[in-house]
file work-v3.cif (mmCIF, N, CA and C atoms)
data_input
loop_
_atom_site.label_atom_id
_atom_site.label_comp_id
_atom_site.auth_asym_id
_atom_site.auth_seq_id
_atom_site.Cartn_x
_atom_site.Cartn_y
_atom_site.Cartn_z
N ALA A 1 -3.29 -0.43 12.02
CA ALA A 1 -3.80 -0.68 10.69
C ALA A 1 -4.02 0.61 9.92
N SER A 2 -4.16 1.73 10.63
CA SER A 2 -4.36 3.00 9.93
C SER A 2 -3.13 3.36 9.11
N ALA A 3 -1.95 2.94 9.57
CA ALA A 3 -0.74 3.17 8.80
C ALA A 3 -0.79 2.41 7.48
N MET A 4 -1.33 1.22 7.52
CA MET A 4 -1.45 0.43 6.29
C MET A 4 -2.39 1.12 5.32
N LEU A 5 -3.44 1.73 5.82
CA LEU A 5 -4.37 2.45 4.96
C LEU A 5 -3.68 3.64 4.31
N TYR A 6 -2.92 4.38 5.08
CA TYR A 6 -2.21 5.54 4.53
C TYR A 6 -1.15 5.10 3.52
N VAL A 7 -0.34 4.11 3.86
CA VAL A 7 0.72 3.63 2.96
C VAL A 7 0.11 3.11 1.66
N SER A 8 -0.97 2.38 1.76
CA SER A 8 -1.60 1.84 0.55
C SER A 8 -2.16 2.96 -0.32
N ALA A 9 -2.70 4.01 0.30
CA ALA A 9 -3.21 5.14 -0.48
C ALA A 9 -2.08 5.86 -1.19
N LYS A 10 -0.94 6.01 -0.53
CA LYS A 10 0.20 6.68 -1.15
C LYS A 10 0.76 5.83 -2.29
N ILE A 11 0.86 4.53 -2.10
CA ILE A 11 1.33 3.64 -3.16
C ILE A 11 0.37 3.70 -4.36
N GLY A 12 -0.92 3.68 -4.08
CA GLY A 12 -1.92 3.76 -5.15
C GLY A 12 -1.88 5.08 -5.89
N HIS A 13 -1.70 6.16 -5.15
CA HIS A 13 -1.62 7.48 -5.76
C HIS A 13 -0.42 7.56 -6.70
N LEU A 14 0.74 7.15 -6.24
CA LEU A 14 1.95 7.23 -7.05
C LEU A 14 1.91 6.25 -8.23
N ALA A 15 1.22 5.14 -8.07
CA ALA A 15 1.14 4.15 -9.14
C ALA A 15 0.31 4.65 -10.31
N HIS A 16 -0.59 5.59 -10.07
CA HIS A 16 -1.43 6.11 -11.14
C HIS A 16 -0.77 7.25 -11.91
N LEU A 17 0.36 7.72 -11.45
CA LEU A 17 1.09 8.76 -12.16
C LEU A 17 2.00 8.12 -13.20
N PRO A 18 2.09 8.67 -14.39
CA PRO A 18 2.96 8.07 -15.42
C PRO A 18 4.42 7.97 -14.96
N GLN A 19 4.90 8.99 -14.29
CA GLN A 19 6.29 8.95 -13.84
C GLN A 19 6.50 8.00 -12.66
N GLY A 20 5.42 7.46 -12.09
CA GLY A 20 5.53 6.52 -10.99
C GLY A 20 5.67 5.08 -11.42
N GLN A 21 5.46 4.79 -12.69
CA GLN A 21 5.49 3.41 -13.17
C GLN A 21 6.86 2.74 -13.09
N PRO A 22 7.96 3.40 -13.46
CA PRO A 22 9.25 2.70 -13.44
C PRO A 22 9.65 2.19 -12.06
N GLU A 23 9.21 2.84 -11.00
CA GLU A 23 9.60 2.44 -9.65
C GLU A 23 8.49 1.72 -8.91
N ARG A 24 7.42 1.39 -9.57
CA ARG A 24 6.23 0.87 -8.90
C ARG A 24 6.51 -0.35 -8.03
N SER A 25 7.17 -1.35 -8.58
CA SER A 25 7.45 -2.56 -7.82
C SER A 25 8.40 -2.31 -6.67
N ARG A 26 9.46 -1.60 -6.97
CA ARG A 26 10.46 -1.31 -5.93
C ARG A 26 9.84 -0.47 -4.81
N ARG A 27 9.00 0.49 -5.17
CA ARG A 27 8.36 1.35 -4.18
C ARG A 27 7.44 0.53 -3.28
N ALA A 28 6.64 -0.34 -3.86
CA ALA A 28 5.71 -1.15 -3.07
C ALA A 28 6.48 -2.02 -2.07
N ARG A 29 7.52 -2.68 -2.53
CA ARG A 29 8.31 -3.52 -1.63
C ARG A 29 8.95 -2.69 -0.53
N SER A 30 9.54 -1.59 -0.90
CA SER A 30 10.24 -0.75 0.06
C SER A 30 9.31 -0.17 1.12
N MET A 31 8.16 0.34 0.68
CA MET A 31 7.23 0.96 1.63
C MET A 31 6.61 -0.07 2.57
N VAL A 32 6.27 -1.24 2.07
CA VAL A 32 5.69 -2.28 2.93
C VAL A 32 6.75 -2.81 3.89
N GLU A 33 7.96 -3.02 3.41
CA GLU A 33 9.02 -3.51 4.29
C GLU A 33 9.35 -2.49 5.38
N THR A 34 9.34 -1.20 5.04
CA THR A 34 9.59 -0.16 6.03
C THR A 34 8.45 -0.11 7.04
N MET A 35 7.23 -0.22 6.57
CA MET A 35 6.08 -0.23 7.47
C MET A 35 6.18 -1.40 8.45
N ASP A 36 6.56 -2.57 7.96
CA ASP A 36 6.73 -3.74 8.82
C ASP A 36 7.87 -3.54 9.81
N ALA A 37 8.98 -2.98 9.33
CA ALA A 37 10.15 -2.77 10.20
C ALA A 37 9.83 -1.79 11.33
N GLU A 38 8.95 -0.82 11.07
CA GLU A 38 8.57 0.16 12.10
C GLU A 38 7.53 -0.39 13.06
N GLY A 39 7.03 -1.58 12.80
CA GLY A 39 6.10 -2.23 13.71
C GLY A 39 4.64 -1.83 13.55
N PHE A 40 4.28 -1.29 12.39
CA PHE A 40 2.88 -0.96 12.16
C PHE A 40 2.10 -2.23 11.86
N GLY A 41 0.87 -2.28 12.31
CA GLY A 41 0.06 -3.47 12.13
C GLY A 41 -0.57 -3.56 10.76
N ASN A 42 -1.05 -4.73 10.47
CA ASN A 42 -1.75 -4.97 9.20
C ASN A 42 -3.25 -4.82 9.39
N CYS A 43 -3.92 -4.61 8.30
CA CYS A 43 -5.37 -4.50 8.31
C CYS A 43 -5.97 -5.89 8.51
N ARG A 44 -7.01 -5.96 9.32
CA ARG A 44 -7.69 -7.23 9.55
C ARG A 44 -8.94 -7.36 8.69
N ASN A 45 -9.15 -6.42 7.79
CA ASN A 45 -10.31 -6.42 6.88
C ASN A 45 -11.65 -6.29 7.60
N TYR A 46 -11.65 -5.57 8.72
CA TYR A 46 -12.91 -5.20 9.38
C TYR A 46 -13.28 -3.77 9.01
N TYR A 47 -12.38 -3.07 8.37
CA TYR A 47 -12.59 -1.72 7.84
C TYR A 47 -12.78 -0.65 8.91
N GLU A 48 -12.30 -0.91 10.15
CA GLU A 48 -12.39 0.13 11.17
C GLU A 48 -11.58 1.35 10.78
N CYS A 49 -10.42 1.11 10.16
CA CYS A 49 -9.56 2.23 9.78
C CYS A 49 -10.25 3.14 8.76
N GLU A 50 -10.98 2.55 7.84
CA GLU A 50 -11.71 3.35 6.86
C GLU A 50 -12.83 4.15 7.52
N ALA A 51 -13.49 3.55 8.50
CA ALA A 51 -14.62 4.21 9.15
C ALA A 51 -14.19 5.45 9.93
N VAL A 52 -12.99 5.44 10.48
CA VAL A 52 -12.54 6.57 11.30
C VAL A 52 -11.54 7.46 10.59
N CYS A 53 -11.22 7.16 9.35
CA CYS A 53 -10.21 7.94 8.63
C CYS A 53 -10.72 9.35 8.34
N PRO A 54 -9.99 10.37 8.80
CA PRO A 54 -10.45 11.74 8.55
C PRO A 54 -10.36 12.14 7.08
N LYS A 55 -9.55 11.46 6.30
CA LYS A 55 -9.41 11.75 4.86
C LYS A 55 -10.32 10.87 4.01
N GLU A 56 -11.08 10.00 4.66
CA GLU A 56 -12.02 9.10 3.98
C GLU A 56 -11.35 8.26 2.91
N ILE A 57 -10.19 7.71 3.24
CA ILE A 57 -9.46 6.83 2.33
C ILE A 57 -10.16 5.47 2.30
N SER A 58 -10.38 4.95 1.12
CA SER A 58 -11.08 3.69 0.95
C SER A 58 -10.18 2.50 1.25
N HIS A 59 -10.77 1.44 1.77
CA HIS A 59 -10.03 0.21 2.04
C HIS A 59 -9.60 -0.48 0.75
N HIS A 60 -10.14 -0.08 -0.38
CA HIS A 60 -9.77 -0.69 -1.66
C HIS A 60 -8.30 -0.46 -2.00
N PHE A 61 -7.70 0.57 -1.46
CA PHE A 61 -6.27 0.82 -1.70
C PHE A 61 -5.41 -0.29 -1.12
N ILE A 62 -5.85 -0.90 -0.04
CA ILE A 62 -5.07 -1.96 0.60
C ILE A 62 -4.95 -3.16 -0.35
N GLY A 63 -6.03 -3.49 -1.04
CA GLY A 63 -5.98 -4.58 -2.03
C GLY A 63 -5.00 -4.27 -3.15
N GLY A 64 -5.00 -3.03 -3.62
CA GLY A 64 -4.05 -2.63 -4.67
C GLY A 64 -2.62 -2.72 -4.19
N MET A 65 -2.39 -2.29 -2.94
CA MET A 65 -1.04 -2.38 -2.39
C MET A 65 -0.60 -3.84 -2.27
N ASN A 66 -1.50 -4.69 -1.81
CA ASN A 66 -1.17 -6.11 -1.69
C ASN A 66 -0.85 -6.73 -3.05
N ARG A 67 -1.59 -6.34 -4.09
CA ARG A 67 -1.30 -6.85 -5.44
C ARG A 67 0.06 -6.37 -5.92
N ASP A 68 0.34 -5.08 -5.73
CA ASP A 68 1.65 -4.55 -6.15
C ASP A 68 2.78 -5.23 -5.38
N PHE A 69 2.59 -5.44 -4.09
CA PHE A 69 3.61 -6.07 -3.26
C PHE A 69 3.84 -7.52 -3.69
N LEU A 70 2.76 -8.23 -3.97
CA LEU A 70 2.88 -9.62 -4.42
C LEU A 70 3.59 -9.70 -5.76
N LYS A 71 3.20 -8.85 -6.70
CA LYS A 71 3.86 -8.82 -8.00
C LYS A 71 5.34 -8.48 -7.87
N ALA A 72 5.64 -7.53 -7.00
CA ALA A 72 7.04 -7.13 -6.81
C ALA A 72 7.86 -8.27 -6.25
N ASN A 73 7.28 -9.06 -5.34
CA ASN A 73 8.01 -10.19 -4.77
C ASN A 73 8.14 -11.35 -5.74
N LEU A 74 7.15 -11.54 -6.59
CA LEU A 74 7.20 -12.63 -7.57
C LEU A 74 8.20 -12.32 -8.68
N CYS A 75 8.35 -11.04 -9.00
CA CYS A 75 9.22 -10.62 -10.10
C CYS A 75 10.52 -10.03 -9.59
N ALA A 76 10.86 -10.27 -8.34
CA ALA A 76 12.06 -9.67 -7.75
C ALA A 76 13.30 -10.17 -8.46
N GLU A 77 14.17 -9.20 -8.75
CA GLU A 77 15.43 -9.55 -9.45
C GLU A 77 16.56 -9.83 -8.48
N ASP A 78 16.39 -9.50 -7.22
CA ASP A 78 17.49 -9.73 -6.27
C ASP A 78 17.29 -10.93 -5.42
#

call {"tool": "encode", "arguments": {"input": "work-v3.cif", "output": "structure tokens"}}
result
Amino acid sequence: ASAMLYVSAKIGHLAHLPQGQPERSRRARSMVETMDAEGFGNCRNYYECEAVCPKEISHHFIGGMNRDFLKANLCAED
């Protein structure tokens, strides 16, 4: 689940940059699909990953990643 925390933080970071907006949906889908393909686990919402994270990344990023991923799948053109 720590991988999900890191991936969600990176997606959130890039989504807040103006130049990150055009690829936002594609990036969210791609990063989550790659994370799944590599066999990383999902967060169970117990927040253990946040408690032990050396960078103190908040679990709130996971919610943002899930929203971006859901929007990307609902609006998918392919």

call {"tool": "atom_distance", "arguments": {"input": "work-v3.cif", "atom1": "atom C of A:Ser58", "atom2": "atom N of A:Pro22"}}
result
23.4 Å

call {"tool": "atom_distance", "arguments": {"input": "work-v3.cif", "atom1": "atom N of A:Gln19", "atom2": "atom C of A:Pro54"}}
result
26.4 Å

call {"tool": "closest_residue", "arguments": {"input": "work-v3.cif", "among": "A:Gly64, A:His59, A:Lys71, A:Glu33", "to": "A:Leu5", "atoms": "all atoms listed in the file"}}
result
A:His59

call {"tool": "residues_around", "arguments": {"input": "work-v3.cif", "residues": "A:Val7", "least_positions_apart": "6", "cutoff": "12 Å", "atoms": "only C-alpha atoms", "output": "number ranges by chain"}}
result
A: 1, 13-14, 27-36, 40-43, 57-59, 61-66, 69

call {"tool": "atom_distance", "arguments": {"input": "work-v3.cif", "atom1": "atom CA of A:Arg44", "atom2": "atom CA of A:Leu17"}}
result
28.4 Å

call {"tool": "axis_aligned_box", "arguments": {"input": "work-v3.cif", "around": "stretch 32-39 of chain A", "padding_each_side": "8 Å", "output": "lines of an AutoDock Vina configuration file"}}
result
center_x = 7.4
center_y = -1.8
center_z = 7.9
size_x = 21.5
size_y = 19.9
size_z = 27.6

call {"tool": "build_atoms", "arguments": {"input": "work-v3.cif", "residues": "stretch 27-42 of chain A", "atoms": "N, CA, C and O atoms", "output": "PDB file, in the frame of the given file"}}
result
ATOM      1  N   ARG A  27       9.000   0.490  -5.170  1.00  0.00           N
ATOM      2  CA  ARG A  27       8.360   1.350  -4.180  1.00  0.00           C
ATOM      3  C   ARG A  27       7.440   0.530  -3.280  1.00  0.00           C
ATOM      4  O   ARG A  27       7.430   0.697  -2.058  1.00  0.00           O
ATOM      5  N   ALA A  28       6.640  -0.340  -3.860  1.00  0.00           N
ATOM      6  CA  ALA A  28       5.710  -1.150  -3.070  1.00  0.00           C
ATOM      7  C   ALA A  28       6.480  -2.020  -2.070  1.00  0.00           C
ATOM      8  O   ALA A  28       6.126  -2.068  -0.886  1.00  0.00           O
ATOM      9  N   ARG A  29       7.520  -2.680  -2.530  1.00  0.00           N
ATOM     10  CA  ARG A  29       8.310  -3.520  -1.630  1.00  0.00           C
ATOM     11  C   ARG A  29       8.950  -2.690  -0.530  1.00  0.00           C
ATOM     12  O   ARG A  29       8.890  -3.045   0.645  1.00  0.00           O
ATOM     13  N   SER A  30       9.540  -1.590  -0.900  1.00  0.00           N
ATOM     14  CA  SER A  30      10.240  -0.750   0.060  1.00  0.00           C
ATOM     15  C   SER A  30       9.310  -0.170   1.120  1.00  0.00           C
ATOM     16  O   SER A  30       9.604  -0.204   2.311  1.00  0.00           O
ATOM     17  N   MET A  31       8.160   0.340   0.680  1.00  0.00           N
ATOM     18  CA  MET A  31       7.230   0.960   1.630  1.00  0.00           C
ATOM     19  C   MET A  31       6.610  -0.070   2.570  1.00  0.00           C
ATOM     20  O   MET A  31       6.473   0.189   3.775  1.00  0.00           O
ATOM     21  N   VAL A  32       6.270  -1.240   2.070  1.00  0.00           N
ATOM     22  CA  VAL A  32       5.690  -2.280   2.930  1.00  0.00           C
ATOM     23  C   VAL A  32       6.750  -2.810   3.890  1.00  0.00           C
ATOM     24  O   VAL A  32       6.474  -3.009   5.079  1.00  0.00           O
ATOM     25  N   GLU A  33       7.960  -3.020   3.410  1.00  0.00           N
ATOM     26  CA  GLU A  33       9.020  -3.510   4.290  1.00  0.00           C
ATOM     27  C   GLU A  33       9.350  -2.490   5.380  1.00  0.00           C
ATOM     28  O   GLU A  33       9.594  -2.851   6.527  1.00  0.00           O
ATOM     29  N   THR A  34       9.340  -1.200   5.040  1.00  0.00           N
ATOM     30  CA  THR A  34       9.590  -0.160   6.030  1.00  0.00           C
ATOM     31  C   THR A  34       8.450  -0.110   7.040  1.00  0.00           C
ATOM     32  O   THR A  34       8.692   0.024   8.251  1.00  0.00           O
ATOM     33  N   MET A  35       7.230  -0.220   6.570  1.00  0.00           N
ATOM     34  CA  MET A  35       6.080  -0.230   7.470  1.00  0.00           C
ATOM     35  C   MET A  35       6.180  -1.400   8.450  1.00  0.00           C
ATOM     36  O   MET A  35       5.956  -1.237   9.654  1.00  0.00           O
ATOM     37  N   ASP A  36       6.560  -2.570   7.960  1.00  0.00           N
ATOM     38  CA  ASP A  36       6.730  -3.740   8.820  1.00  0.00           C
ATOM     39  C   ASP A  36       7.870  -3.540   9.810  1.00  0.00           C
ATOM     40  O   ASP A  36       7.760  -3.900  10.984  1.00  0.00           O
ATOM     41  N   ALA A  37       8.980  -2.980   9.330  1.00  0.00           N
ATOM     42  CA  ALA A  37      10.150  -2.770  10.200  1.00  0.00           C
ATOM     43  C   ALA A  37       9.830  -1.790  11.330  1.00  0.00           C
ATOM     44  O   ALA A  37      10.363  -1.918  12.436  1.00  0.00           O
ATOM     45  N   GLU A  38       8.950  -0.820  11.070  1.00  0.00           N
ATOM     46  CA  GLU A  38       8.570   0.160  12.100  1.00  0.00           C
ATOM     47  C   GLU A  38       7.530  -0.390  13.060  1.00  0.00           C
ATOM     48  O   GLU A  38       7.179   0.265  14.034  1.00  0.00           O
ATOM     49  N   GLY A  39       7.030  -1.580  12.800  1.00  0.00           N
ATOM     50  CA  GLY A  39       6.100  -2.230  13.710  1.00  0.00           C
ATOM     51  C   GLY A  39       4.640  -1.830  13.550  1.00  0.00           C
ATOM     52  O   GLY A  39       3.841  -2.032  14.457  1.00  0.00           O
ATOM     53  N   PHE A  40       4.280  -1.290  12.390  1.00  0.00           N
ATOM     54  CA  PHE A  40       2.880  -0.960  12.160  1.00  0.00           C
ATOM     55  C   PHE A  40       2.100  -2.230  11.860  1.00  0.00           C
ATOM     56  O   PHE A  40       2.601  -3.134  11.203  1.00  0.00           O
ATOM     57  N   GLY A  41       0.870  -2.280  12.310  1.00  0.00           N
ATOM     58  CA  GLY A  41       0.060  -3.470  12.130  1.00  0.00           C
ATOM     59  C   GLY A  41      -0.570  -3.560  10.760  1.00  0.00           C
ATOM     60  O   GLY A  41      -0.602  -2.596   9.993  1.00  0.00           O
ATOM     61  N   ASN A  42      -1.050  -4.730  10.470  1.00  0.00           N
ATOM     62  CA  ASN A  42      -1.750  -4.970   9.200  1.00  0.00           C
ATOM     63  C   ASN A  42      -3.250  -4.820   9.390  1.00  0.00           C
ATOM     64  O   ASN A  42      -3.765  -4.933  10.491  1.00  0.00           O
TER      65      ASN A  42
END
